[in-house]
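Containing mmCIF, C-alpha atoms: my_file.cif.
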```cif
data_entry
loop_
_atom_site.label_atom_id
_atom_site.label_comp_id
_atom_site.auth_asym_id
_atom_site.auth_seq_id
_atom_site.Cartn_x
_atom_site.Cartn_y
_atom_site.Cartn_z
CA MET A 198 17.53 -23.99 -30.54
CA ILE A 199 15.06 -24.52 -27.72
CA GLU A 200 12.12 -26.82 -28.28
CA PHE A 201 8.94 -25.42 -26.78
CA ASP A 202 6.51 -27.80 -25.10
CA GLN A 203 3.45 -27.62 -27.37
CA ARG A 204 1.27 -29.56 -24.94
CA ILE A 205 1.45 -26.65 -22.50
CA SER A 206 -0.09 -24.24 -25.01
CA GLU A 207 -2.82 -26.82 -25.72
CA GLN A 208 -3.52 -27.06 -22.00
CA LEU A 209 -3.53 -23.26 -21.62
CA SER A 210 -6.16 -22.89 -24.33
CA GLU A 211 -8.60 -24.62 -21.99
CA VAL A 212 -8.18 -22.40 -18.94
CA SER A 213 -10.13 -19.24 -18.11
CA LEU A 214 -8.73 -15.90 -16.97
CA ASN A 215 -9.63 -16.45 -13.34
CA SER A 216 -7.72 -19.72 -13.23
CA SER A 217 -4.66 -20.37 -11.14
CA ILE A 218 -2.21 -22.79 -12.66
CA GLN A 219 0.36 -24.68 -10.70
CA VAL A 220 3.33 -25.38 -12.96
CA ARG A 221 5.58 -28.09 -11.58
CA VAL A 222 9.05 -28.04 -13.04
CA GLY A 223 12.29 -29.91 -12.53
CA THR A 224 15.67 -28.33 -11.91
CA SER A 225 16.84 -29.08 -15.45
CA ASN A 226 13.72 -28.16 -17.43
CA ALA A 227 12.57 -25.10 -15.43
CA PHE A 228 13.53 -22.53 -18.05
CA MET A 229 12.06 -24.45 -20.99
CA VAL A 230 8.76 -25.10 -19.20
CA THR A 231 8.52 -21.47 -18.04
CA ALA A 232 9.19 -20.17 -21.55
CA SER A 233 6.70 -22.68 -23.01
CA THR A 234 4.08 -21.32 -20.61
CA ILE A 235 4.69 -17.62 -21.26
CA LEU A 236 5.07 -17.68 -25.03
CA PRO A 237 1.51 -18.82 -25.85
CA LEU A 238 0.09 -16.36 -23.31
CA ILE A 239 1.73 -13.51 -25.18
CA GLU A 240 1.53 -14.69 -28.77
CA MET A 241 -1.65 -16.76 -28.86
CA PHE A 242 -3.77 -15.01 -26.23
CA ASP A 243 -2.43 -11.47 -26.67
CA MET A 244 -1.80 -11.02 -22.97
CA GLY A 245 0.51 -8.82 -20.92
CA GLY A 246 1.73 -9.63 -17.47
CA VAL A 247 3.93 -9.47 -14.45
CA TYR A 248 6.81 -11.87 -13.81
CA ILE A 249 7.89 -12.14 -10.18
CA SER A 250 11.43 -13.43 -10.12
CA ALA A 251 12.55 -14.88 -6.82
CA SER A 252 14.89 -17.50 -8.20
CA ARG A 253 17.11 -15.40 -10.47
CA GLY A 254 17.66 -11.72 -11.23
CA ALA A 255 15.28 -10.22 -13.79
CA VAL A 256 18.06 -9.07 -16.13
CA GLU A 257 19.33 -12.63 -16.41
CA ILE A 258 15.81 -13.88 -17.18
CA ILE A 259 15.17 -11.15 -19.77
CA GLU A 260 18.44 -11.91 -21.52
CA ALA A 261 17.68 -15.63 -21.50
CA PHE A 262 14.22 -15.01 -22.99
CA GLU A 263 15.61 -12.65 -25.60
CA GLY A 264 18.23 -15.26 -26.39
CA ILE A 265 15.55 -17.68 -27.55
CA GLY A 266 13.67 -14.96 -29.43
CA MET A 267 10.89 -14.52 -26.89
CA PRO A 268 9.47 -10.98 -26.58
CA THR A 269 9.68 -9.42 -23.10
CA ASP A 270 8.22 -5.97 -23.77
CA ARG A 271 4.76 -7.05 -22.59
CA ILE A 272 6.10 -8.27 -19.27
CA HIS A 273 6.92 -6.20 -16.22
CA PHE A 274 9.45 -7.92 -13.97
CA ILE A 275 9.42 -7.71 -10.18
CA ASP A 276 12.90 -8.69 -9.10
CA LEU A 277 13.30 -9.99 -5.54
CA VAL A 278 16.89 -11.10 -5.94
CA SER A 279 19.05 -8.25 -7.22
CA SER A 280 18.55 -5.74 -4.40
CA GLY A 281 20.24 -8.19 -2.07
CA LEU A 282 23.35 -7.97 -4.23
CA LEU A 283 24.56 -4.38 -4.11
CA GLY A 284 24.98 -3.04 -7.62
CA GLY A 285 22.55 -5.58 -9.01
CA THR A 286 19.87 -2.96 -9.64
CA GLU A 287 21.80 -0.97 -12.23
CA THR A 288 20.20 -1.95 -15.52
CA GLN A 289 19.24 -0.63 -18.92
CA TYR A 290 15.78 -2.22 -18.72
CA ASN A 291 12.95 -0.01 -17.57
CA ASN A 292 10.45 -2.86 -17.15
CA ILE A 293 11.95 -4.03 -13.86
CA THR A 294 10.90 -3.11 -10.32
CA PHE A 295 13.23 -4.14 -7.53
CA ILE A 296 12.00 -5.21 -4.12
CA ASP A 297 14.45 -5.32 -1.23
CA SER A 298 13.88 -8.91 -0.18
CA PRO A 299 11.73 -12.00 -0.84
CA ILE A 300 10.45 -11.69 2.73
CA MET A 301 8.51 -8.52 1.84
CA LEU A 302 5.60 -10.58 0.59
CA GLU A 303 2.93 -7.91 0.95
CA SER A 304 5.07 -5.47 -1.06
CA ILE A 305 5.30 -8.03 -3.86
CA LEU A 306 1.51 -8.32 -3.93
CA LEU A 307 0.98 -4.55 -3.86
CA ARG A 308 3.58 -3.88 -6.56
CA THR A 309 1.93 -6.51 -8.77
CA MET A 310 -1.47 -4.94 -8.14
CA TYR A 311 -0.02 -1.56 -9.00
CA HIS A 312 1.20 -2.86 -12.37
CA MET A 313 -2.18 -4.45 -12.98
CA ARG A 314 -3.75 -1.02 -12.45
CA THR A 315 -1.43 0.55 -15.03
CA THR A 316 -1.22 -2.21 -17.62
CA PRO A 317 -2.44 -1.29 -21.11
CA TYR A 318 -3.42 -4.89 -21.84
CA GLU A 319 -6.96 -6.15 -21.53
CA ARG A 320 -5.95 -9.63 -20.42
CA ASN A 321 -3.14 -10.21 -17.99
CA PHE A 322 -1.19 -12.91 -16.23
CA VAL A 323 1.05 -12.99 -13.20
CA ILE A 324 3.85 -15.53 -12.88
CA LEU A 325 5.39 -16.35 -9.54
CA ASP A 326 8.84 -17.90 -10.06
CA SER A 327 9.09 -19.70 -7.74
CA VAL A 328 7.50 -21.01 -4.56
CA ASN A 329 10.62 -22.98 -3.62
CA ALA A 330 12.74 -19.81 -3.91
CA LEU A 331 10.31 -17.94 -1.61
CA ALA A 332 10.44 -20.90 0.79
CA ILE A 333 14.15 -20.26 1.37
CA TYR A 334 13.29 -17.00 3.13
CA ASN A 335 9.77 -17.45 4.46
CA GLU A 336 8.19 -19.68 7.07
CA ASP A 337 6.00 -22.44 5.67
CA ARG A 338 2.81 -21.28 7.35
CA MET A 339 3.31 -17.67 6.28
CA LEU A 340 4.07 -18.77 2.73
CA ALA A 341 0.94 -20.92 2.61
CA GLU A 342 -1.12 -17.97 3.86
CA TYR A 343 0.52 -15.71 1.30
CA LEU A 344 -0.17 -18.03 -1.63
CA HIS A 345 -3.78 -18.29 -0.52
CA THR A 346 -4.09 -14.49 -0.51
CA PHE A 347 -2.07 -14.08 -3.70
CA ILE A 348 -4.04 -16.57 -5.77
CA ASN A 349 -7.44 -15.35 -4.58
CA THR A 350 -6.53 -11.69 -5.07
CA PHE A 351 -5.73 -12.18 -8.73
CA ARG A 352 -8.43 -14.74 -9.44
CA GLN A 353 -10.96 -12.19 -8.18
CA ARG A 354 -9.50 -9.62 -10.59
CA GLU A 355 -9.54 -12.06 -13.52
CA VAL A 356 -5.77 -12.16 -13.78
CA LEU A 357 -4.40 -15.55 -14.80
CA THR A 358 -2.10 -16.77 -12.04
CA VAL A 359 0.81 -19.09 -12.79
CA ILE A 360 2.66 -20.50 -9.80
CA ILE A 361 5.95 -22.22 -10.61
CA ASN A 362 7.48 -24.67 -8.18
CA VAL A 363 10.01 -27.46 -8.03
CA PRO A 364 7.99 -30.04 -6.04
CA ASP A 365 10.90 -31.83 -4.40
CA GLN A 366 12.27 -28.49 -3.16
CA THR A 367 8.96 -27.13 -1.90
CA PRO A 368 7.86 -27.73 1.72
CA PRO A 369 5.20 -30.48 1.74
CA GLY A 370 2.68 -28.35 3.63
CA VAL A 371 2.98 -25.52 1.10
CA LEU A 372 2.74 -27.97 -1.78
CA ALA A 373 -0.43 -29.52 -0.32
CA ASN A 374 -1.97 -26.07 -0.04
CA LEU A 375 -1.04 -25.25 -3.64
CA ASP A 376 -2.83 -28.41 -4.76
CA LEU A 377 -5.87 -27.12 -2.94
CA TYR A 378 -5.85 -23.50 -4.15
CA CYS A 379 -4.85 -23.98 -7.80
CA THR A 380 -7.47 -24.81 -10.40
CA ASP A 381 -5.12 -26.39 -12.95
CA LEU A 382 -1.86 -28.29 -12.99
CA VAL A 383 0.90 -28.38 -15.58
CA ASP A 384 3.10 -31.17 -14.31
CA ARG A 385 6.62 -31.18 -15.73
CA GLY A 386 8.30 -31.92 -12.42
CA GLN A 387 11.47 -33.94 -12.60
CA VAL A 388 11.15 -37.63 -11.84
CA VAL A 389 13.40 -38.42 -8.91
CA ILE A 390 14.98 -41.88 -9.02
CA ASN A 391 16.38 -42.95 -5.69
CA MET B 188 -42.85 -6.18 8.28
CA LEU B 189 -41.10 -3.34 10.04
CA PRO B 190 -39.56 -0.63 7.86
CA SER B 191 -35.80 -0.52 7.82
CA THR B 192 -34.44 1.94 10.34
CA SER B 193 -30.84 1.66 9.29
CA TYR B 194 -29.16 5.02 8.90
CA THR B 195 -25.69 5.65 7.59
CA ARG B 196 -23.82 8.93 7.71
CA ASP B 197 -22.65 10.56 4.51
CA ARG B 198 -19.03 9.78 3.82
CA CYS B 199 -16.04 11.70 2.63
CA VAL B 200 -14.66 9.19 0.14
CA THR B 201 -10.90 9.39 0.66
CA GLY B 202 -10.07 7.92 -2.77
CA VAL B 203 -7.03 6.22 -1.24
CA HIS B 204 -6.76 2.67 -2.57
CA GLY B 205 -8.18 0.26 0.00
CA LEU B 206 -8.84 2.84 2.71
CA ASP B 207 -12.49 3.41 1.84
CA GLU B 208 -13.11 -0.34 2.01
CA ILE B 209 -11.46 -0.43 5.43
CA LEU B 210 -13.68 2.49 6.51
CA ARG B 211 -16.81 0.92 4.97
CA GLY B 212 -17.18 3.74 2.48
CA GLY B 213 -15.02 6.59 3.76
CA ILE B 214 -14.67 9.02 6.67
CA PRO B 215 -17.97 10.35 8.06
CA TYR B 216 -18.29 13.94 6.80
CA GLY B 217 -16.98 16.63 9.11
CA SER B 218 -14.92 14.24 11.23
CA THR B 219 -11.53 15.06 12.67
CA VAL B 220 -9.22 12.11 12.21
CA LEU B 221 -5.86 11.72 13.92
CA VAL B 222 -3.33 10.01 11.66
CA ALA B 223 -0.61 9.04 14.11
CA GLY B 224 2.56 7.46 12.85
CA THR B 225 6.27 6.97 13.25
CA CYS B 226 8.75 8.78 11.03
CA GLY B 227 8.82 7.54 7.44
CA SER B 228 5.55 5.63 7.76
CA GLY B 229 3.85 7.58 4.93
CA LYS B 230 1.67 10.04 6.90
CA THR B 231 2.42 13.09 4.78
CA THR B 232 1.91 11.17 1.52
CA LEU B 233 -1.40 9.77 2.78
CA GLY B 234 -2.52 13.24 3.85
CA MET B 235 -1.55 14.75 0.54
CA GLU B 236 -3.26 11.98 -1.44
CA PHE B 237 -6.42 12.56 0.60
CA LEU B 238 -6.36 16.18 -0.63
CA VAL B 239 -5.45 15.27 -4.21
CA ARG B 240 -8.36 12.81 -4.52
CA GLY B 241 -10.76 15.41 -3.14
CA SER B 242 -9.49 18.19 -5.36
CA MET B 243 -9.78 15.96 -8.42
CA THR B 244 -13.53 15.85 -7.79
CA GLY B 245 -13.64 19.63 -7.44
CA GLU B 246 -13.40 19.96 -3.65
CA ALA B 247 -11.40 22.86 -2.20
CA CYS B 248 -8.61 21.53 -0.01
CA ALA B 249 -6.07 23.03 2.37
CA HIS B 250 -2.82 21.80 3.84
CA PHE B 251 -1.16 23.49 6.82
CA THR B 252 2.45 22.48 7.09
CA ALA B 253 4.35 22.93 10.32
CA THR B 254 7.09 20.35 9.93
CA GLU B 255 8.67 21.47 6.66
CA PRO B 256 8.41 24.54 4.41
CA SER B 257 5.66 24.31 1.79
CA VAL B 258 8.21 24.60 -1.04
CA LYS B 259 10.05 21.53 0.24
CA LEU B 260 6.80 19.66 0.80
CA LEU B 261 5.67 20.30 -2.78
CA GLU B 262 9.09 19.41 -4.19
CA ASN B 263 8.93 16.07 -2.39
CA ILE B 264 5.33 15.27 -3.25
CA ARG B 265 5.47 16.27 -6.93
CA GLN B 266 7.74 13.28 -7.56
CA TYR B 267 4.61 11.14 -7.29
CA PRO B 268 2.73 10.97 -10.58
CA PHE B 269 -0.60 11.01 -8.67
CA PHE B 270 0.16 14.59 -7.64
CA ASP B 271 -0.57 17.26 -10.22
CA MET B 272 0.94 20.69 -9.61
CA GLN B 273 -1.99 22.15 -11.56
CA LEU B 274 -4.17 21.42 -8.54
CA VAL B 275 -2.07 23.89 -6.54
CA ASP B 276 -1.82 26.40 -9.36
CA THR B 277 -5.58 26.43 -9.87
CA GLY B 278 -6.24 26.89 -6.15
CA LEU B 279 -7.91 23.57 -5.50
CA ILE B 280 -5.12 22.60 -3.11
CA ASN B 281 -3.98 25.48 -0.89
CA VAL B 282 -0.75 24.98 1.03
CA PHE B 283 -0.01 27.21 4.03
CA ASP B 284 3.19 27.47 6.06
CA MET B 285 2.39 27.57 9.76
CA ASP B 286 5.44 29.79 10.33
CA VAL B 287 4.03 32.34 7.90
CA LEU B 288 0.65 32.12 9.62
CA TYR B 289 2.28 32.68 13.03
CA SER B 290 4.10 35.78 11.87
CA TRP B 291 0.97 37.01 10.08
CA LEU B 292 -0.88 36.72 13.41
CA GLY B 293 2.04 38.22 15.34
CA LEU B 294 2.54 34.99 17.27
CA THR B 295 6.26 35.35 17.82
CA LYS B 296 6.34 33.95 21.37
CA ALA B 297 7.97 30.59 22.06
CA THR B 298 4.83 29.36 23.83
CA PHE B 299 1.18 30.11 23.12
CA GLU B 300 -1.29 31.37 25.69
CA LEU B 301 -5.09 31.11 25.57
CA GLU B 302 -5.58 34.18 23.40
CA ASP B 303 -2.88 33.00 20.97
CA VAL B 304 -4.61 29.64 20.62
CA HIS B 305 -7.93 31.34 19.95
CA ALA B 306 -6.30 33.59 17.35
CA LEU B 307 -4.87 30.49 15.65
CA ILE B 308 -8.22 28.70 15.63
CA LYS B 309 -9.89 31.79 14.19
CA ALA B 310 -7.24 32.13 11.46
CA ILE B 311 -7.56 28.49 10.41
CA THR B 312 -11.36 28.50 10.44
CA ASP B 313 -11.45 31.84 8.58
CA ILE B 314 -9.31 30.36 5.82
CA VAL B 315 -11.49 27.24 5.68
CA ASN B 316 -14.64 29.36 5.57
CA THR B 317 -13.35 31.85 3.00
CA ILE B 318 -12.06 29.26 0.54
CA GLY B 319 -14.86 26.79 1.26
CA VAL B 320 -12.44 24.07 2.24
CA THR B 321 -14.01 20.63 2.64
CA ARG B 322 -10.78 18.68 3.18
CA LEU B 323 -8.06 19.86 5.51
CA VAL B 324 -4.74 18.41 6.63
CA ILE B 325 -2.61 19.79 9.47
CA ASP B 326 0.91 18.33 9.33
CA SER B 327 1.70 18.02 12.07
CA VAL B 328 -0.44 18.74 15.06
CA THR B 329 2.44 17.51 17.24
CA THR B 330 4.75 20.29 16.05
CA LEU B 331 1.94 22.78 16.50
CA CYS B 332 1.11 21.59 20.00
CA TYR B 333 4.74 21.82 21.14
CA LYS B 334 4.11 25.53 21.38
CA ILE B 335 1.15 24.98 23.72
CA LYS B 336 2.48 24.12 27.13
CA SER B 337 -0.67 23.23 29.05
CA GLU B 338 -2.39 19.90 28.43
CA GLN B 339 -5.72 21.59 29.12
CA LEU B 340 -4.99 24.23 26.50
CA ILE B 341 -4.07 21.56 23.93
CA ARG B 342 -7.35 19.82 24.71
CA ASP B 343 -9.28 23.10 24.30
CA PHE B 344 -7.45 23.91 21.09
CA LEU B 345 -8.16 20.58 19.43
CA PHE B 346 -11.72 20.32 20.70
CA THR B 347 -12.66 23.85 19.59
CA LEU B 348 -10.87 23.52 16.25
CA GLY B 349 -12.49 20.16 15.53
CA LYS B 350 -15.94 21.43 16.47
CA LYS B 351 -15.67 24.56 14.32
CA LEU B 352 -14.31 22.68 11.31
CA SER B 353 -17.06 20.10 11.64
CA THR B 354 -19.66 22.87 11.68
CA LEU B 355 -18.13 24.18 8.47
CA GLY B 356 -18.50 20.72 6.91
CA CYS B 357 -14.77 20.19 6.72
CA THR B 358 -13.27 16.71 7.09
CA THR B 359 -9.92 17.10 8.79
CA ILE B 360 -6.82 14.96 9.11
CA LEU B 361 -4.50 15.87 11.97
CA ILE B 362 -1.12 14.25 11.50
CA ALA B 363 0.69 13.29 14.69
CA GLU B 364 4.20 12.05 15.16
CA ILE B 365 4.68 9.16 17.56
CA THR B 366 7.77 7.20 18.47
CA SER B 367 6.20 3.76 18.54
CA ALA B 368 3.17 2.28 16.81
CA THR B 369 3.37 -1.15 18.40
CA GLN B 370 1.51 -2.63 21.36
CA ASN B 371 0.78 -0.36 24.34
CA ALA B 372 1.84 2.73 22.43
CA HIS B 373 0.04 6.04 22.81
CA TRP B 374 -1.50 7.26 19.60
CA SER B 375 -0.42 10.83 20.26
CA SER B 376 2.48 12.76 21.76
CA PHE B 377 0.45 14.63 24.36
CA GLY B 378 -2.08 11.94 25.21
CA VAL B 379 -5.07 14.22 24.63
CA GLU B 380 -5.37 14.26 20.84
CA GLU B 381 -6.57 10.66 20.69
CA ALA B 382 -9.42 11.25 23.12
CA ILE B 383 -10.76 14.28 21.27
CA CYS B 384 -10.53 13.13 17.66
CA ASP B 385 -13.42 11.27 15.97
CA GLY B 386 -11.08 8.79 14.37
CA ILE B 387 -7.61 7.37 14.88
CA VAL B 388 -5.51 5.84 12.13
CA VAL B 389 -2.16 4.43 13.18
CA MET B 390 0.76 4.08 10.78
CA GLY B 391 4.10 2.49 11.48
CA ASP B 392 6.66 -0.10 10.50
CA ALA B 393 6.50 -3.79 11.27
CA GLU B 394 9.89 -5.44 11.37
CA ARG B 395 10.30 -8.76 9.64
CA MET B 396 13.76 -10.29 9.72
CA GLY B 397 15.44 -6.91 9.64
CA HIS B 398 13.20 -5.37 6.99
CA LEU B 399 10.61 -2.70 7.69
CA ILE B 400 7.14 -3.13 6.24
CA ARG B 401 4.85 -0.11 6.45
CA PHE B 402 1.44 -0.72 7.98
CA LEU B 403 -1.82 1.13 8.62
CA GLN B 404 -4.52 0.30 11.15
CA VAL B 405 -7.79 2.07 11.89
CA VAL B 406 -8.20 2.05 15.67
CA LYS B 407 -11.30 4.21 15.99
CA MET B 408 -13.83 5.90 13.72
CA ARG B 409 -16.90 7.41 15.34
CA GLY B 410 -20.10 7.02 13.36
CA SER B 411 -18.77 4.20 11.22
CA GLY B 412 -18.02 0.53 11.36
CA HIS B 413 -14.54 -0.26 10.15
CA SER B 414 -11.95 -2.98 9.87
CA ARG B 415 -9.56 -3.14 12.81
CA ALA B 416 -7.04 -5.32 11.01
CA LYS B 417 -3.49 -4.32 10.18
CA TYR B 418 -2.82 -3.51 6.53
CA ALA B 419 0.51 -3.46 4.73
CA LEU B 420 1.06 -0.17 2.93
CA GLU B 421 3.09 0.58 -0.15
CA LEU B 422 3.80 4.03 -1.58
CA THR B 423 3.42 3.63 -5.33
CA PRO B 424 3.47 6.21 -8.13
CA LEU B 425 -0.36 6.00 -8.09
CA GLY B 426 -0.41 6.75 -4.36
CA VAL B 427 -0.92 4.65 -1.27
CA MET B 428 -1.92 1.02 -1.78
CA LEU B 429 -3.08 -1.30 0.98
CA THR B 430 -3.44 -5.04 1.43
CA PRO B 431 -4.14 -7.08 4.58
CA MET B 432 -0.96 -7.87 6.47
CA LEU B 433 -0.09 -11.55 6.66
CA LYS B 434 -1.33 -12.99 9.94
CA TRP B 435 1.77 -15.13 10.41
CA GLY B 436 4.06 -12.30 9.39
CA SER B 437 5.02 -11.24 12.87
CA VAL B 438 5.15 -14.62 14.56
CA GLY B 439 8.44 -15.87 16.01
CA ASP B 440 10.37 -18.48 14.11
CA LYS B 441 9.67 -21.50 16.32
CA SER B 442 5.94 -21.04 16.76
CA ALA B 443 5.45 -20.57 13.03
CA GLN B 444 6.54 -24.11 12.20
CA TRP B 445 4.08 -26.59 10.83
CA GLY B 446 2.39 -28.74 13.42
CA LEU B 447 3.34 -26.64 16.45
#
```

Once you've parsed the file, please lay out its structure as structure tokens.
Amino acid sequence: MIEFDQRISEQLSEVSLNSSIQVRVGTSNAFMVTASTILPLIEMFDMGGVYISASRGAVEIIEAFEGIGMPTDRIHFIDLVSSGLLGGTETQYNNITFIDSPIMLESILLRTMYHMRTTPYERNFVILDSVNALAIYNEDRMLAEYLHTFINTFRQREVLTVIINVPDQTPPGVLANLDLYCTDLVDRGQVVIN
Amino acid sequence: MLPSTSYTRDRCVTGVHGLDEILRGGIPYGSTVLVAGTCGSGKTTLGMEFLVRGSMTGEACAHFTATEPSVKLLENIRQYPFFDMQLVDTGLINVFDMDVLYSWLGLTKATFELEDVHALIKAITDIVNTIGVTRLVIDSVTTLCYKIKSEQLIRDFLFTLGKKLSTLGCTTILIAEITSATQNAHWSSFGVEEAICDGIVVMGDAERMGHLIRFLQVVKMRGSGHSRAKYALELTPLGVMLTPMLKWGSVGDKSAQWGL
């Protein structure tokens, strides 16, 4: 049985809709921290949202969430991974949109905006999982520019933005920019002992 | 204090997501706009959405198709939820096959002469006048102009057509096929369309690490200020959506590094 991090829900109760939250995770606690962030958004704040999955395929994430009893019907997934693996887009889930590659950053933004235009929920979030996965494919400067655009686009539209990153796997320049753009920080990054 | 002398022309609000912001409110009424783009860049969808948005506010619209039969065009476009076949059935969107129009006018020759061009202009403007069309799309003017051999005649055709449609209060999109939308490209196949039209919108694909990203850029719009930036374009079920293209998106690998 997974133990949700209650302090995250306490922290989330203090943020406004036009906030952008940087969630720092470690390689071992990424799933637990992500789930602990999403669950209160859905159950406590009655929100819907978009989950951009750049680190793993959406089907795998949905199944993992369902495995711990977390509802996924209020979330639309934008999968940046599975199209790269031929056959990875055949799925029973109809709440997944596939994008060809994590380098098509503008398409990710537009697809998210499209879902925000069609969402039935009054309050919405967008989760970007994760900056370090996007950094594998995109140049640092372009990624920093993208995050700046991404965060401001959704803040302006009163969509809560959650940016997940593993700090020791994120380029320092991008990380410094995230510190600047984000309004809040949930720090559950792994402590690295050299 | 001096009274404000600022004057702005009435706009044809395209209704296309983002485009009216780029055009500072829309296309000036009665303008002829060249939408020039490479194959698969979304020209036909943009043109059709322009008509759909107009017809949804009660405007009469017409689409002249020269590149594909109207049946095929409608079959392709009806896959988009933004398109409602009722708009065609109720006569708000009128789709005409250029081939049918040619045979109706008896234009069976391989190339058009002056009198043929005038007959074509008259037929198009008669339709616009009779139906009261306020939004018109010709897809594509390139295919149409292939039949007109002289550059001067193409110029006359487009200039006269644009002038007459403008007089009728019709805002027109002329779709043109080009082979390249990158630097130093011509915005038209014959080199004359771009000089005559009131506005030029360029559509194409930007390549990023082997992937093609659709883009749109407004190069010219008489009577209106507009953004000249490049916008990424996505064809969604709700229609075209636009967002500014990343400035570092087309920079070579080495120069895009931090600190260089």

Self-check item: Spatial neighbours of Leu221 of chain B, 12 Å, only C-alpha atoms, chain gap at least 4 places, as number ranges by chain
Solution: B: 214, 230, 234, 323-329, 345, 349, 358-365, 374-376, 378-390, 404-409

Self-check item: Residues of chain A within 7 Å of chain B, counting all atoms listed in the file, as a PyMOL selection string
Solution: chain A and resi 303-304+307+336-339+343

Quiz prompt | Nearby residues, (-4.1, -13.5, -16.9) file frame, 7 Å, all atoms listed in the file, as a VMD selection string | solution = chain A and resid 214 244 320 to 323 355 to 358

Quiz item: Leaving out His345 of chain A and any residue of its chain fewer than 2 positions from it, which residues lie within 12 Å of it when counting all atoms listed in the file, given as a ChimeraX atom specification?
Solution: /A:217,306,338-343,347-352,358,360,371-379 /B:433-434

Quiz prompt | Who sits within 7 Å of segment 274-291 of chain A, all atoms listed in the file, same chain under 5 positions skipped, as a PyMOL selection string | solution = chain A and resi 247-251+253-255+296-299

Self-check item: Atomic distance atom CA of Lys296 of chain B - atom CA of Val282 of chain B, expressed in Å with one decimal
Solution: 23.3 Å

Quiz item: Residues at most 8 Å from Arg240 of chain B, counting all atoms listed in the file, excluding those fewer than 2 positions away in the same chain, as JSON, numbers by chain?
Solution: {"B": [201, 202, 203, 236, 237, 238, 242, 243, 244]}

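Here the residues that fall within 7 Å of (4.9, 27.9, 23.1), using only C-alpha atoms, are given as Lys296, Ala297, Thr298, Phe299, Tyr333, Lys334, Ile335 and Lys336 of chain B.
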
Just write the chosen residues, C-alpha atoms, as a compact mmCIF listing (two decimals), in the frame of the given file.
```
# COMPACT_ATOMS: atom_id res chain seq x y z
CA LYS B 296 6.34 33.95 21.37
CA ALA B 297 7.97 30.59 22.06
CA THR B 298 4.83 29.36 23.83
CA PHE B 299 1.18 30.11 23.12
CA TYR B 333 4.74 21.82 21.14
CA LYS B 334 4.11 25.53 21.38
CA ILE B 335 1.15 24.98 23.72
CA LYS B 336 2.48 24.12 27.13
```

Quiz item: When you draw a straight line from atom CA of His250 of chain B to atom CA of Phe346 of chain B, how long is it in Å?
Solution: 19.1 Å

Practice problem: Expand the PyMOL selection byres ((chain B and resi 271) around 12) into the individual residues it matches in the shown file, reporting them as a list in words. | Solution: Met235, Glu236, Leu238, Val239, Arg240, Ser242, Met243, Leu261, Glu262, Ile264, Arg265, Gln266, Tyr267, Pro268, Phe269, Phe270, Met272, Gln273, Leu274, Val275, Asp276, Thr277, Gly278, Leu279, Ile280, Pro424 and Leu425 of chain B

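Ranking A:Gly264, A:Thr231, A:Asn226, A:Met310 by their shortest atom-to-atom distance to Gly205 of chain B, with only C-alpha atoms included, puts A:Met310 first.
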
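Against this structure, the PyMOL selection byres ((chain A and resi 219) around 7) ends up with Ser217, Ile218, Val220, Arg221, Val359, Ile360, Ile361, Cys379, Asp381, Leu382 and Val383 of chain A.
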
Atoms to include: C-alpha atoms. Write the selected residues as an mmCIF file, in the frame of the given file.
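So the final result, stored in result.cif, reads:
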```cif
data_model
loop_
_atom_site.group_PDB
_atom_site.id
_atom_site.type_symbol
_atom_site.label_atom_id
_atom_site.label_comp_id
_atom_site.auth_asym_id
_atom_site.auth_seq_id
_atom_site.Cartn_x
_atom_site.Cartn_y
_atom_site.Cartn_z
ATOM 1 C CA SER A 217 -4.660 -20.370 -11.140
ATOM 2 C CA ILE A 218 -2.210 -22.790 -12.660
ATOM 3 C CA VAL A 220 3.330 -25.380 -12.960
ATOM 4 C CA ARG A 221 5.580 -28.090 -11.580
ATOM 5 C CA VAL A 359 0.810 -19.090 -12.790
ATOM 6 C CA ILE A 360 2.660 -20.500 -9.800
ATOM 7 C CA ILE A 361 5.950 -22.220 -10.610
ATOM 8 C CA CYS A 379 -4.850 -23.980 -7.800
ATOM 9 C CA ASP A 381 -5.120 -26.390 -12.950
ATOM 10 C CA LEU A 382 -1.860 -28.290 -12.990
ATOM 11 C CA VAL A 383 0.900 -28.380 -15.580
#
```

Quiz item: Using all atoms listed in the file, which residues sit within 12 Å of Leu307 of chain B once same-chain residues fewer than 6 positions away are excluded, as a list in words?
Solution: Phe251, Met285, Asp286, Val287, Leu288, Tyr289, Ser290, Trp291, Leu292, Gly293, Leu294, Phe299, Glu300, Leu301, Asp313, Ile314, Leu331, Cys332, Lys334, Ile335, Phe344, Leu345, Thr347 and Leu348 of chain B

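We find atom CA of Pro215 of chain B and atom CA of Gly410 of chain B to be spaced 6.6 Å apart.
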
Quiz item: Taking all atoms listed in the file into account, which of B:Ser228, B:Ser218, B:Thr312, B:Ser353 comes nearest Thr366 of chain B?
Solution: B:Ser228
